[in-house]
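Chemist: Just protein01.cif, nothing more (mmCIF, C-alpha atoms and all ligand atoms):
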data_protein
loop_
_atom_site.label_atom_id
_atom_site.label_comp_id
_atom_site.auth_asym_id
_atom_site.auth_seq_id
_atom_site.Cartn_x
_atom_site.Cartn_y
_atom_site.Cartn_z
CA MET A 102 -18.46 -24.66 209.98
CA ASN A 103 -17.84 -22.13 212.72
CA LEU A 104 -14.18 -21.79 211.66
CA GLN A 105 -15.17 -21.64 207.99
CA LYS A 106 -17.53 -18.74 208.67
CA LYS A 107 -15.00 -16.91 210.81
CA TYR A 108 -11.93 -17.24 208.56
CA SER A 109 -13.67 -16.80 205.20
CA LYS A 110 -13.78 -13.11 206.10
CA THR A 111 -10.10 -12.63 207.01
CA LYS A 112 -8.60 -15.26 204.65
CA PRO A 113 -5.43 -15.91 206.69
CA PHE A 114 -4.22 -18.61 204.26
CA LYS A 115 -4.07 -16.27 201.26
CA GLY A 116 -0.80 -16.89 199.41
CA TYR A 117 -0.20 -20.30 201.07
CA LYS A 118 -0.46 -23.69 199.42
CA ILE A 119 -1.46 -26.78 201.42
CA ALA A 120 -0.89 -30.32 200.13
CA GLY A 121 -3.11 -32.82 201.91
CA CYS A 122 -3.05 -36.62 202.03
CA LEU A 123 -6.11 -37.82 203.92
CA HIS A 124 -9.10 -40.07 203.14
CA VAL A 125 -11.32 -38.34 200.58
CA THR A 126 -14.65 -38.47 202.39
CA LYS A 127 -17.54 -36.07 202.85
CA GLU A 128 -16.03 -34.96 206.19
CA THR A 129 -12.65 -34.27 204.58
CA ALA A 130 -14.45 -32.28 201.87
CA VAL A 131 -15.66 -29.88 204.56
CA LEU A 132 -12.09 -29.47 205.81
CA ILE A 133 -10.83 -28.80 202.27
CA LYS A 134 -13.60 -26.29 201.64
CA THR A 135 -12.75 -24.58 204.93
CA PHE A 136 -9.12 -24.15 203.86
CA VAL A 137 -10.24 -22.83 200.47
CA ALA A 138 -12.72 -20.42 202.11
CA ALA A 139 -9.85 -19.20 204.32
CA GLY A 140 -7.84 -18.32 201.21
CA ALA A 141 -5.57 -21.37 200.80
CA GLU A 142 -4.61 -23.03 197.55
CA VAL A 143 -5.22 -26.73 198.14
CA SER A 144 -4.02 -29.89 196.42
CA TRP A 145 -5.17 -33.25 197.76
CA SER A 146 -4.72 -37.01 197.53
CA GLY A 147 -6.24 -39.92 199.45
CA CYS A 148 -4.19 -41.69 202.12
CA ASN A 149 -5.48 -45.20 201.48
CA PRO A 150 -6.20 -46.95 198.18
CA LEU A 151 -9.65 -48.10 199.33
CA SER A 152 -10.97 -45.08 201.22
CA THR A 153 -11.83 -42.53 198.52
CA ASN A 154 -15.49 -41.74 198.03
CA ASP A 155 -15.51 -41.14 194.25
CA ALA A 156 -18.63 -38.96 194.37
CA VAL A 157 -16.93 -36.67 196.88
CA ALA A 158 -13.74 -36.51 194.77
CA ALA A 159 -15.81 -35.63 191.69
CA ALA A 160 -17.74 -32.95 193.56
CA LEU A 161 -14.50 -31.36 194.79
CA ALA A 162 -13.01 -31.48 191.29
CA ALA A 163 -16.15 -29.78 189.96
CA GLU A 164 -15.47 -27.00 192.44
CA ASN A 165 -11.96 -26.61 191.05
CA VAL A 166 -10.12 -28.26 193.94
CA SER A 167 -6.97 -29.94 192.65
CA ILE A 168 -7.67 -33.53 193.67
CA PHE A 169 -5.88 -36.80 192.84
CA ALA A 170 -7.88 -39.68 194.28
CA TRP A 171 -10.17 -42.50 193.25
CA TYR A 172 -11.38 -45.67 194.92
CA ASN A 173 -8.91 -48.54 194.39
CA ASN A 174 -6.02 -46.42 193.06
CA GLY A 175 -3.49 -48.93 194.44
CA GLU A 176 -1.00 -48.86 191.55
CA ASP A 177 -1.15 -45.08 191.23
CA PHE A 178 -1.24 -44.34 194.94
CA TYR A 179 2.16 -42.59 195.15
CA TRP A 180 1.71 -41.01 191.71
CA CYS A 181 -1.34 -39.24 193.14
CA ILE A 182 0.62 -38.01 196.16
CA GLU A 183 3.44 -36.69 193.97
CA ARG A 184 1.01 -34.68 191.86
CA THR A 185 -0.01 -32.71 194.98
CA ILE A 186 3.56 -31.45 195.32
CA ASP A 187 4.13 -30.55 191.66
CA THR A 188 3.57 -26.97 192.74
CA PRO A 189 5.56 -26.94 195.99
CA PRO A 190 3.34 -26.66 199.07
CA HIS A 191 4.14 -24.42 202.04
CA LEU A 192 2.36 -26.85 204.34
CA THR A 193 1.65 -30.59 204.38
CA LEU A 194 -1.27 -32.34 206.03
CA ASP A 195 -0.88 -36.10 206.56
CA ASP A 196 -2.82 -39.09 207.76
CA GLY A 197 -0.31 -41.93 208.03
CA CYS A 198 2.84 -40.10 206.92
CA ASP A 199 2.87 -41.06 203.22
CA LEU A 200 3.06 -37.45 202.03
CA ILE A 201 5.70 -36.38 204.56
CA ASN A 202 7.71 -39.49 203.71
CA THR A 203 7.47 -38.80 199.99
CA VAL A 204 8.60 -35.21 200.48
CA HIS A 205 11.46 -36.21 202.80
CA GLU A 206 12.73 -39.14 200.73
CA LYS A 207 12.14 -37.93 197.18
CA PHE A 208 11.97 -34.15 197.38
CA SER A 209 14.23 -33.45 200.35
CA HIS A 210 15.21 -30.02 198.97
CA LEU A 211 11.58 -28.97 199.53
CA ALA A 212 11.53 -30.52 202.99
CA LYS A 213 14.77 -28.80 203.96
CA ASN A 214 14.35 -25.42 202.31
CA PHE A 215 10.76 -24.63 201.47
CA ILE A 216 8.06 -26.31 203.53
CA LEU A 217 7.10 -24.44 206.71
CA GLY A 218 5.53 -27.33 208.55
CA GLY A 219 3.09 -30.21 208.58
CA THR A 220 0.46 -31.96 210.63
CA GLU A 221 -0.25 -35.63 211.29
CA GLU A 222 -3.73 -37.02 211.86
CA THR A 223 -3.23 -40.57 213.08
CA THR A 224 -1.47 -42.74 215.68
CA THR A 225 0.60 -44.74 213.18
CA GLY A 226 1.80 -41.55 211.51
CA ILE A 227 2.95 -40.07 214.81
CA GLN A 228 4.82 -43.30 215.56
CA ARG A 229 6.64 -43.00 212.22
CA LEU A 230 7.43 -39.30 212.74
CA ARG A 231 8.87 -39.86 216.20
CA ALA A 232 11.10 -42.57 214.71
CA ARG A 233 12.14 -40.14 211.95
CA GLN A 234 12.93 -37.44 214.52
CA LYS A 235 14.97 -39.91 216.59
CA ALA A 236 17.04 -40.70 213.49
CA ASN A 237 17.59 -36.94 212.93
CA LYS A 238 15.78 -37.18 209.61
CA LEU A 239 12.84 -34.86 210.27
CA TYR A 240 13.43 -31.70 208.28
CA TYR A 241 10.45 -29.54 209.31
CA PRO A 242 8.15 -29.11 212.33
CA VAL A 243 5.06 -31.30 212.56
CA PHE A 244 2.09 -30.83 214.89
CA ALA A 245 0.82 -34.07 216.45
CA VAL A 246 -2.88 -33.55 215.78
CA ASN A 247 -3.64 -37.15 216.75
CA ASP A 248 -2.37 -36.60 220.28
CA THR A 249 -4.81 -33.83 221.23
CA GLU A 250 -7.56 -34.63 223.68
CA THR A 251 -10.25 -33.41 221.27
CA LYS A 252 -8.93 -35.85 218.65
CA TRP A 253 -7.88 -39.13 220.21
CA ASP A 254 -10.43 -39.22 223.01
CA PHE A 255 -13.28 -38.97 220.50
CA ASP A 256 -12.30 -39.79 216.90
CA ASN A 257 -10.10 -42.75 217.89
CA VAL A 258 -12.50 -44.11 220.52
CA TYR A 259 -16.08 -43.41 219.41
CA GLY A 260 -15.36 -42.86 215.72
CA THR A 261 -13.39 -46.09 215.30
CA GLY A 262 -15.74 -47.92 217.68
CA GLN A 263 -18.80 -47.24 215.56
CA SER A 264 -17.36 -47.11 212.03
CA THR A 265 -15.45 -50.39 212.44
CA LEU A 266 -18.61 -52.28 213.35
CA ASP A 267 -20.43 -50.42 210.55
CA GLY A 268 -17.79 -51.68 208.07
CA ILE A 269 -18.04 -55.27 209.33
CA LEU A 270 -21.82 -55.20 209.07
CA ARG A 271 -21.82 -53.74 205.54
CA ALA A 272 -19.28 -56.35 204.41
CA THR A 273 -20.91 -59.38 206.07
CA SER A 274 -24.39 -58.64 207.44
CA VAL A 275 -23.76 -61.04 210.35
CA LEU A 276 -25.35 -60.88 213.80
CA LEU A 277 -22.88 -59.55 216.36
CA ALA A 278 -24.79 -60.63 219.47
CA GLY A 279 -23.43 -63.84 220.94
CA LYS A 280 -20.30 -63.84 218.77
CA ASN A 281 -16.82 -64.07 220.22
CA ILE A 282 -15.18 -60.91 218.93
CA VAL A 283 -11.40 -60.69 219.33
CA ILE A 284 -9.94 -57.19 219.31
CA ALA A 285 -6.14 -57.00 219.02
CA GLY A 286 -4.87 -53.87 220.75
CA HIS A 287 -6.58 -51.99 223.58
CA GLY A 288 -5.36 -48.46 222.86
CA HIS A 289 -7.70 -45.60 222.02
CA CYS A 290 -8.99 -47.34 218.88
CA GLY A 291 -9.14 -50.94 220.12
CA SER A 292 -10.83 -49.95 223.38
CA GLY A 293 -13.50 -48.06 221.43
CA VAL A 294 -14.18 -51.07 219.22
CA ALA A 295 -14.31 -53.42 222.22
CA LYS A 296 -16.72 -51.13 224.07
CA ARG A 297 -19.12 -50.96 221.13
CA ALA A 298 -18.85 -54.68 220.32
CA LYS A 299 -19.77 -55.47 223.92
CA GLY A 300 -22.73 -53.11 223.64
CA MET A 301 -23.97 -55.12 220.66
CA GLY A 302 -24.03 -58.26 222.81
CA ALA A 303 -20.77 -59.85 221.69
CA ASN A 304 -18.39 -61.69 224.01
CA THR A 305 -15.33 -59.51 223.77
CA ILE A 306 -11.78 -60.79 223.97
CA CYS A 307 -8.81 -58.43 223.91
CA THR A 308 -5.18 -59.18 223.17
CA GLU A 309 -2.39 -56.85 224.30
CA ILE A 310 1.35 -56.54 224.73
CA LYS A 311 1.13 -53.71 227.27
CA ALA A 312 0.31 -54.78 230.83
CA THR A 313 -1.61 -51.64 231.87
CA ALA A 314 -3.72 -51.72 228.70
CA ALA A 315 -4.52 -55.37 229.40
CA ILE A 316 -5.66 -54.51 232.95
CA LYS A 317 -7.86 -51.71 231.56
CA ALA A 318 -9.45 -54.21 229.17
CA LEU A 319 -10.08 -56.65 232.03
CA LEU A 320 -11.69 -53.98 234.22
CA GLU A 321 -13.92 -52.95 231.32
CA GLY A 322 -15.28 -56.47 231.43
CA HIS A 323 -13.45 -57.99 228.46
CA GLU A 324 -11.54 -61.24 228.53
CA VAL A 325 -7.80 -60.95 227.96
CA MET A 326 -5.68 -63.68 226.43
CA THR A 327 -2.90 -64.17 223.90
CA MET A 328 -3.66 -64.31 220.18
CA ASP A 329 -2.54 -67.97 220.25
CA GLU A 330 -5.42 -68.68 222.66
CA ALA A 331 -7.91 -66.23 221.15
CA SER A 332 -7.42 -67.61 217.65
CA LYS A 333 -9.00 -70.90 218.80
CA VAL A 334 -12.25 -69.33 220.05
CA GLY A 335 -12.88 -66.15 218.04
CA ASP A 336 -15.68 -65.76 215.48
CA ILE A 337 -14.66 -62.26 214.37
CA PHE A 338 -11.13 -60.82 214.58
CA ILE A 339 -10.38 -57.09 214.44
CA THR A 340 -6.81 -55.76 214.53
CA ALA A 341 -6.18 -52.26 215.92
CA THR A 342 -2.52 -52.27 216.87
CA GLY A 343 -0.43 -50.40 214.28
CA VAL A 344 1.93 -53.39 214.33
CA THR A 345 2.72 -55.94 211.64
CA ASP A 346 1.83 -59.70 211.59
CA ILE A 347 -0.73 -59.72 214.42
CA ILE A 348 -2.66 -62.54 212.70
CA ARG A 349 -0.46 -65.04 210.89
CA GLU A 350 -0.23 -68.66 209.72
CA LYS A 351 -0.42 -70.43 213.08
CA HIS A 352 -3.49 -68.38 214.01
CA TYR A 353 -5.35 -69.20 210.76
CA LEU A 354 -4.70 -72.87 211.41
CA ASN A 355 -6.21 -72.55 214.91
CA MET A 356 -9.34 -70.70 213.76
CA ARG A 357 -12.90 -71.92 213.79
CA GLU A 358 -14.77 -72.67 210.56
CA GLY A 359 -16.19 -69.44 209.13
CA ALA A 360 -14.00 -67.04 211.11
CA ILE A 361 -14.15 -63.44 209.89
CA ILE A 362 -10.96 -61.33 209.91
CA CYS A 363 -10.51 -57.60 209.43
CA ASN A 364 -8.24 -54.71 210.33
CA THR A 365 -8.98 -51.19 211.48
CA GLY A 366 -5.37 -49.99 211.87
CA HIS A 367 -3.97 -47.50 209.37
CA TYR A 368 -1.85 -49.89 207.27
CA ASP A 369 -2.69 -53.28 205.78
CA VAL A 370 0.14 -55.10 207.58
CA GLU A 371 -1.61 -56.38 210.69
CA ILE A 372 -3.11 -59.42 208.96
CA ASN A 373 -0.48 -61.47 207.15
CA ILE A 374 -2.29 -62.06 203.85
CA PRO A 375 0.58 -63.80 201.98
CA GLU A 376 0.60 -66.50 204.69
CA LEU A 377 -3.19 -66.88 204.39
CA GLN A 378 -2.80 -67.28 200.63
CA LYS A 379 0.00 -69.80 201.09
CA ILE A 380 -2.15 -72.17 203.17
CA SER A 381 -5.27 -71.72 201.02
CA LYS A 382 -6.29 -73.75 197.99
CA SER A 383 -8.70 -71.14 196.60
CA HIS A 384 -10.42 -67.85 197.25
CA ARG A 385 -13.36 -65.94 195.78
CA THR A 386 -15.19 -62.70 196.45
CA ILE A 387 -18.61 -63.52 197.82
CA ARG A 388 -19.87 -59.94 198.37
CA PRO A 389 -18.23 -56.50 198.23
CA ASN A 390 -15.24 -56.37 200.58
CA CYS A 391 -15.64 -60.01 201.64
CA VAL A 392 -13.33 -62.71 200.28
CA GLU A 393 -13.82 -66.35 201.22
CA TYR A 394 -10.57 -68.32 201.55
CA ILE A 395 -10.74 -72.13 201.49
CA LEU A 396 -7.73 -73.53 203.32
CA LYS A 397 -5.96 -76.67 202.16
CA ASN A 398 -7.55 -78.42 205.17
CA GLY A 399 -11.01 -77.45 203.86
CA LYS A 400 -11.75 -74.73 206.44
CA LYS A 401 -13.29 -71.43 205.30
CA ILE A 402 -12.04 -68.05 206.53
CA TYR A 403 -13.45 -64.69 205.45
CA LEU A 404 -11.08 -61.75 204.94
CA LEU A 405 -12.68 -58.29 204.76
CA ALA A 406 -11.49 -55.31 202.69
CA GLU A 407 -8.13 -56.91 201.79
CA GLY A 408 -6.95 -56.25 205.35
CA ARG A 409 -7.17 -52.48 204.80
CA LEU A 410 -8.99 -50.28 207.29
CA ILE A 411 -12.45 -51.78 207.31
CA ASN A 412 -14.22 -48.64 208.52
CA LEU A 413 -13.17 -46.61 205.49
CA ALA A 414 -12.96 -49.38 202.89
CA ALA A 415 -16.36 -50.94 203.58
CA ALA A 416 -18.17 -48.08 205.34
CA GLU A 417 -17.83 -44.29 205.31
CA GLY A 418 -15.21 -43.71 208.01
CA HIS A 419 -16.02 -41.84 211.18
CA PRO A 420 -19.15 -39.70 211.31
CA SER A 421 -18.94 -35.93 211.09
CA GLU A 422 -19.84 -35.55 214.78
CA VAL A 423 -16.30 -36.58 215.74
CA MET A 424 -14.41 -35.57 212.59
CA ASP A 425 -15.45 -31.95 213.22
CA MET A 426 -13.16 -31.83 216.27
CA SER A 427 -10.29 -33.70 214.57
CA PHE A 428 -10.42 -31.42 211.55
CA ALA A 429 -10.82 -28.26 213.63
CA ASN A 430 -7.47 -29.32 215.15
CA GLN A 431 -6.02 -29.69 211.66
CA PHE A 432 -7.24 -26.24 210.65
CA MET A 433 -6.07 -24.51 213.85
CA SER A 434 -2.65 -26.19 213.63
CA HIS A 435 -2.06 -25.00 210.08
CA LEU A 436 -3.18 -21.54 211.16
CA ARG A 437 -0.38 -21.63 213.77
CA PHE A 438 2.22 -22.18 211.03
CA VAL A 439 0.86 -19.36 208.93
CA GLU A 440 0.69 -16.96 211.87
CA ALA A 441 4.24 -17.88 212.91
CA ASP A 442 5.45 -17.38 209.33
CA LYS A 443 3.85 -13.95 209.10
CA LYS A 444 5.71 -12.97 212.26
CA GLY A 445 8.94 -14.43 210.90
CA LYS A 446 9.00 -17.03 213.69
CA LYS A 447 10.52 -20.49 213.21
CA LEU A 448 9.27 -23.57 215.04
CA PRO A 449 11.61 -26.41 216.07
CA LYS A 450 12.01 -29.23 213.53
CA GLU A 451 10.30 -31.74 215.80
CA VAL A 452 7.03 -33.51 216.42
CA ILE A 453 5.26 -30.84 218.47
CA ASP A 454 2.37 -31.36 220.90
CA LEU A 455 -0.42 -28.82 220.65
CA PRO A 456 -1.25 -26.55 223.58
CA ILE A 457 -4.23 -27.29 225.82
CA GLU A 458 -5.79 -23.93 224.80
CA GLN A 459 -6.48 -25.36 221.34
CA ASP A 460 -8.37 -28.31 222.89
CA GLU A 461 -10.31 -25.97 225.15
CA PHE A 462 -11.28 -23.69 222.27
CA ILE A 463 -12.43 -26.62 220.12
CA ALA A 464 -14.31 -28.37 222.92
CA ASN A 465 -16.09 -25.16 223.92
CA THR A 466 -17.04 -24.44 220.31
CA LYS A 467 -18.37 -27.99 220.01
CA LEU A 468 -20.52 -27.64 223.14
CA GLU A 469 -21.79 -24.27 221.93
CA SER A 470 -22.81 -25.83 218.61
CA MET A 471 -24.80 -28.44 220.58
CA ASN A 472 -26.41 -25.78 222.78
CA ILE A 473 -25.00 -27.37 225.94
CA ASN A 474 -23.93 -25.24 228.88
CA ILE A 475 -21.39 -26.21 231.53
CA ASP A 476 -20.56 -24.71 234.91
CA LYS A 477 -17.80 -22.19 235.59
CA LEU A 478 -15.58 -22.17 238.67
CA THR A 479 -16.53 -19.49 241.19
CA PRO A 480 -13.72 -17.22 242.50
CA GLN A 481 -13.92 -19.14 245.82
CA GLN A 482 -13.47 -22.46 244.01
CA ILE A 483 -10.45 -21.13 242.12
CA LYS A 484 -8.99 -19.90 245.40
CA TYR A 485 -9.55 -23.36 246.95
CA ILE A 486 -7.84 -25.13 244.05
CA GLU A 487 -4.85 -22.83 244.28
CA ASP A 488 -4.54 -23.16 248.07
CA TYR A 489 -1.71 -25.64 248.68
CA ASN A 490 -2.46 -25.66 252.42
CA ALA A 491 -6.11 -26.73 252.22
CA GLY A 492 -6.71 -30.09 253.91
CA THR A 493 -9.09 -31.96 256.18
N1 LIG B 1 -10.70 -40.78 209.54
N2 LIG B 1 -11.21 -39.92 208.67
C1 LIG B 1 -12.47 -40.23 208.50
N3 LIG B 1 -14.68 -39.74 207.75
O1 LIG B 1 -12.96 -38.65 206.92
N4 LIG B 1 -12.78 -41.28 209.22
C2 LIG B 1 -11.65 -41.64 209.88
C3 LIG B 1 -13.39 -39.48 207.66
C4 LIG B 1 -9.33 -40.68 210.01
C5 LIG B 1 -9.19 -40.71 211.52
O2 LIG B 1 -8.95 -39.42 212.02
C6 LIG B 1 -8.00 -41.65 211.77
O3 LIG B 1 -7.03 -41.07 212.60
C7 LIG B 1 -7.48 -41.92 210.38
O4 LIG B 1 -8.59 -41.77 209.53
C8 LIG B 1 -6.83 -43.26 210.14
O5 LIG B 1 -6.31 -43.32 208.85
#
Would you encode the structure as structure tokens?

Modeler:
Amino acid sequence: MNLQKKYSKTKPFKGYKIAGCLHVTKETAVLIKTFVAAGAEVSWSGCNPLSTNDAVAAALAAENVSIFAWYNNGEDFYWCIERTIDTPPHLTLDDGCDLINTVHEKFSHLAKNFILGGTEETTTGIQRLRARQKANKLYYPVFAVNDTETKWDFDNVYGTGQSTLDGILRATSVLLAGKNIVIAGHGHCGSGVAKRAKGMGANTICTEIKATAAIKALLEGHEVMTMDEASKVGDIFITATGVTDIIREKHYLNMREGAIICNTGHYDVEINIPELQKISKSHRTIRPNCVEYILKNGKKIYLLAEGRLINLAAAEGHPSEVMDMSFANQFMSHLRFVEADKKGKKLPKEVIDLPIEQDEFIANTKLESMNINIDKLTPQQIKYIEDYNAGT
């Protein structure tokens, strides 16, 4: 809101078109309205078939925002994205790389000759972009919004931690206390989910492939084991890895009666659903976002939100108190492209990390908005820090 107020006066985005591909939620609506207030022409699609809040999409459309998104738009998902580039954008804003990929693969002339730059919101998207860069197939500069301190230390940890449990509760209404909750992946997102699940009284079990992440999980008080072992004891399974086939046939066969499975990673690949279907004799929806599978051996397993990100499919995504910092990073990053363009400067065609000054500005603005003061270093303290000879 602070940025919206400030830049609605100067309108730095006047004459620039931004195409966005990010969950259409009430928080995203504030980001879109901020770009519009700052003079941008905006065209938007959702970045997941099950994450659009239709009321928000309708409200944006009523305000003349060009928006192509509705809940459960699976078949038309890429059609929606393509409509946002019918009028070529100067800038792209992604969450999970689907827009950048579409531009690069289908409209490469725009990627090579027209688009100034892009931003990426999420871990999985950054992973994809780094792979694209390594293959020499990245045609314009992209700011790694996900990798800023004011994004991944808050949105990924506390946002995912809370909204994932919120999604599970809305889809199942089960008691979390006393349950064995298995969290696959102990990165920013998985560690946030594990922390919150523990706080709700669950016995938390983490699975990992990275040794240091596994040690962190252990020292946070979680159990660590392989998915082969965890699949025998878990009551609720949550994947947060960004990797495919985390839960597959042999794990379903190990599971307890009534096990609940969901995913909070960006794509719906972490739970192997075709293998679950293959070993099941029937399935039925028993409440919104909760499908009961009856295996051929008679056991029941509950799959939530079709294996798509549970926090956005079954709940409302992360709350505004963390999205404000993520989206301030989005706004400030796009402003960098526009300012560079006005000066005739070109940025390298790479995935670019954002400078610490952006984090500091956003964090200070956030504290100000909460009326919280922090200390400042005294000149003596600065001198001490800079003194390489200071010792015992
Ligand atoms: N995310 N957006 C919301 N309320 O708009 N909630 C979560 C929202 C983003 C978050 O930044 C994360 O990186 C991404 O969704 C995963 O697709």

Chemist: Show me, as a Markdown table, the residues of chain A having an atom within 7 Å of ligand LIG 1 (chain B), each with the closest atom pair and its distance in Å, using only C-alpha atoms and all ligand atoms.

Modeler:
| residue | atom | partner | partner_atom | distance |
| --- | --- | --- | --- | --- |
| A:His124 | CA | B:LIG1 | O1 | 5.6 |
| A:Val125 | CA | B:LIG1 | O1 | 6.6 |
| A:Thr126 | CA | B:LIG1 | O1 | 4.8 |
| A:Lys127 | CA | B:LIG1 | O1 | 6.6 |
| A:Glu128 | CA | B:LIG1 | O1 | 4.9 |
| A:Thr129 | CA | B:LIG1 | O1 | 5.0 |
| A:Asp196 | CA | B:LIG1 | O5 | 5.6 |
| A:Gly197 | CA | B:LIG1 | O5 | 6.2 |
| A:Glu222 | CA | B:LIG1 | O3 | 5.3 |
| A:Thr223 | CA | B:LIG1 | O3 | 3.9 |
| A:Thr224 | CA | B:LIG1 | O3 | 6.6 |
| A:Asn247 | CA | B:LIG1 | O3 | 6.6 |
| A:Asp256 | CA | B:LIG1 | O2 | 5.9 |
| A:Asn257 | CA | B:LIG1 | O3 | 6.3 |
| A:His367 | CA | B:LIG1 | O5 | 4.8 |
| A:Leu413 | CA | B:LIG1 | N4 | 6.5 |
| A:Glu417 | CA | B:LIG1 | N3 | 6.0 |
| A:Gly418 | CA | B:LIG1 | N4 | 3.6 |
| A:His419 | CA | B:LIG1 | N4 | 3.8 |
| A:Pro420 | CA | B:LIG1 | N3 | 5.7 |
| A:Ser421 | CA | B:LIG1 | N3 | 6.6 |
| A:Met424 | CA | B:LIG1 | C3 | 6.4 |
| A:Ser427 | CA | B:LIG1 | O2 | 6.4 |

Chemist: CA of Cys307 (chain A) and CA of Glu350 (chain A), how far apart in Å?

Modeler: 19.5 Å

Chemist: Compare A:Pro242, A:Glu250, A:Leu320, A:Arg349 by their minimum atom-to-atom distance to Phe462 (chain A), counting only C-alpha atoms, and give me the closest one.

Modeler: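 Selected residue with least distance to Phe462 (chain A): A:Glu250.
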
Chemist: Have a look at CA of Thr261 (chain A) and CA of Gly343 (chain A) and let me know their distance in Å, one decimal.

Modeler: 13.7 Å

Chemist: So the first atom is CA of Asp195 (chain A) and the second is CA of Leu123 (chain A); what is the distance between them in Å, to one decimal place?

Modeler: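 About the pair CA of Asp195 (chain A) and CA of Leu123 (chain A): they are 6.1 Å apart.
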
Chemist: Just give me the residues with any atom within 12 Å of (-2.3, -66.3, 206.6), file coordinates, counting all atoms listed in the file, written as a PyMOL selection string.

Modeler: chain A and resi 346-356+362+370-381+394-397+402-404+408

Chemist: So which one's closest to Val452 (chain A), A:Leu239, A:Cys148, A:Val204, A:Leu211? Using only C-alpha atoms, please.

Modeler: A:Leu239

Chemist: Distance cut-off 9 Å, centre (-19.4, -62.1, 220.2) in file coordinates, counting all atoms listed in the file: which residues qualify? Return them as a list of chain:residue names.

Modeler: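 Within 9 Å of (-19.4, -62.1, 220.2), the protein and nucleic acid residues are A:Leu276, A:Leu277, A:Ala278, A:Gly279, A:Lys280, A:Asn281, A:Ile282, A:Val283, A:Ala298, A:Lys299, A:Met301, A:Gly302, A:Ala303, A:Asn304, A:Thr305, A:Ile306, A:Gly335, A:Asp336, A:Ile337.
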
Chemist: Export, as a PDB file, keeping the file's coordinate frame, the selected residues with C-alpha atoms.

Modeler:
ATOM      1  CA  LEU A 276     -25.350 -60.880 213.800  1.00  0.00           C
ATOM      2  CA  LEU A 277     -22.880 -59.550 216.360  1.00  0.00           C
ATOM      3  CA  ALA A 278     -24.790 -60.630 219.470  1.00  0.00           C
ATOM      4  CA  GLY A 279     -23.430 -63.840 220.940  1.00  0.00           C
ATOM      5  CA  LYS A 280     -20.300 -63.840 218.770  1.00  0.00           C
ATOM      6  CA  ASN A 281     -16.820 -64.070 220.220  1.00  0.00           C
ATOM      7  CA  ILE A 282     -15.180 -60.910 218.930  1.00  0.00           C
ATOM      8  CA  VAL A 283     -11.400 -60.690 219.330  1.00  0.00           C
ATOM      9  CA  ALA A 298     -18.850 -54.680 220.320  1.00  0.00           C
ATOM     10  CA  LYS A 299     -19.770 -55.470 223.920  1.00  0.00           C
ATOM     11  CA  MET A 301     -23.970 -55.120 220.660  1.00  0.00           C
ATOM     12  CA  GLY A 302     -24.030 -58.260 222.810  1.00  0.00           C
ATOM     13  CA  ALA A 303     -20.770 -59.850 221.690  1.00  0.00           C
ATOM     14  CA  ASN A 304     -18.390 -61.690 224.010  1.00  0.00           C
ATOM     15  CA  THR A 305     -15.330 -59.510 223.770  1.00  0.00           C
ATOM     16  CA  ILE A 306     -11.780 -60.790 223.970  1.00  0.00           C
ATOM     17  CA  GLY A 335     -12.880 -66.150 218.040  1.00  0.00           C
ATOM     18  CA  ASP A 336     -15.680 -65.760 215.480  1.00  0.00           C
ATOM     19  CA  ILE A 337     -14.660 -62.260 214.370  1.00  0.00           C
TER      20      ILE A 337
END

Chemist: I'd like to know which of A:Val243, A:Val137, A:Val294, A:Leu266 is closest to Leu448 (chain A), using all atoms listed in the file.

Modeler: A:Val243

Chemist: With only C-alpha atoms as the basis for distance, which of A:Phe169, A:Tyr368, A:Trp253, A:Phe438 is at the shortest distance from Arg409 (chain A)?

Modeler: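 That would be A:Tyr368, the residue with the smallest distance to Arg409 (chain A).
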
Chemist: With only C-alpha atoms as the atoms that count, which of A:Gly226, A:Gly366, A:Gly116, A:Gly140 lies nearest to Asp248 (chain A)?

Modeler: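 Selected residue with least distance to Asp248 (chain A): A:Gly226.
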
Chemist: Restore N, CA, C and O atoms in region 223-227 of chain A and list the result as a compact mmCIF listing (two decimals), keeping the file's coordinate frame.

Modeler:
# COMPACT_ATOMS: atom_id res chain seq x y z
N THR A 223 -2.92 -39.26 212.48
CA THR A 223 -3.23 -40.57 213.08
C THR A 223 -2.08 -41.17 213.89
O THR A 223 -0.92 -40.80 213.73
N THR A 224 -2.43 -42.13 214.76
CA THR A 224 -1.47 -42.74 215.68
C THR A 224 -0.25 -43.32 214.96
O THR A 224 0.89 -43.04 215.34
N THR A 225 -0.51 -44.10 213.91
CA THR A 225 0.60 -44.74 213.18
C THR A 225 1.54 -43.69 212.60
O THR A 225 2.76 -43.87 212.62
N GLY A 226 0.98 -42.61 212.09
CA GLY A 226 1.80 -41.55 211.51
C GLY A 226 2.70 -40.91 212.55
O GLY A 226 3.88 -40.63 212.29
N ILE A 227 2.16 -40.68 213.74
CA ILE A 227 2.95 -40.07 214.81
C ILE A 227 4.10 -41.00 215.19
O ILE A 227 5.24 -40.55 215.40
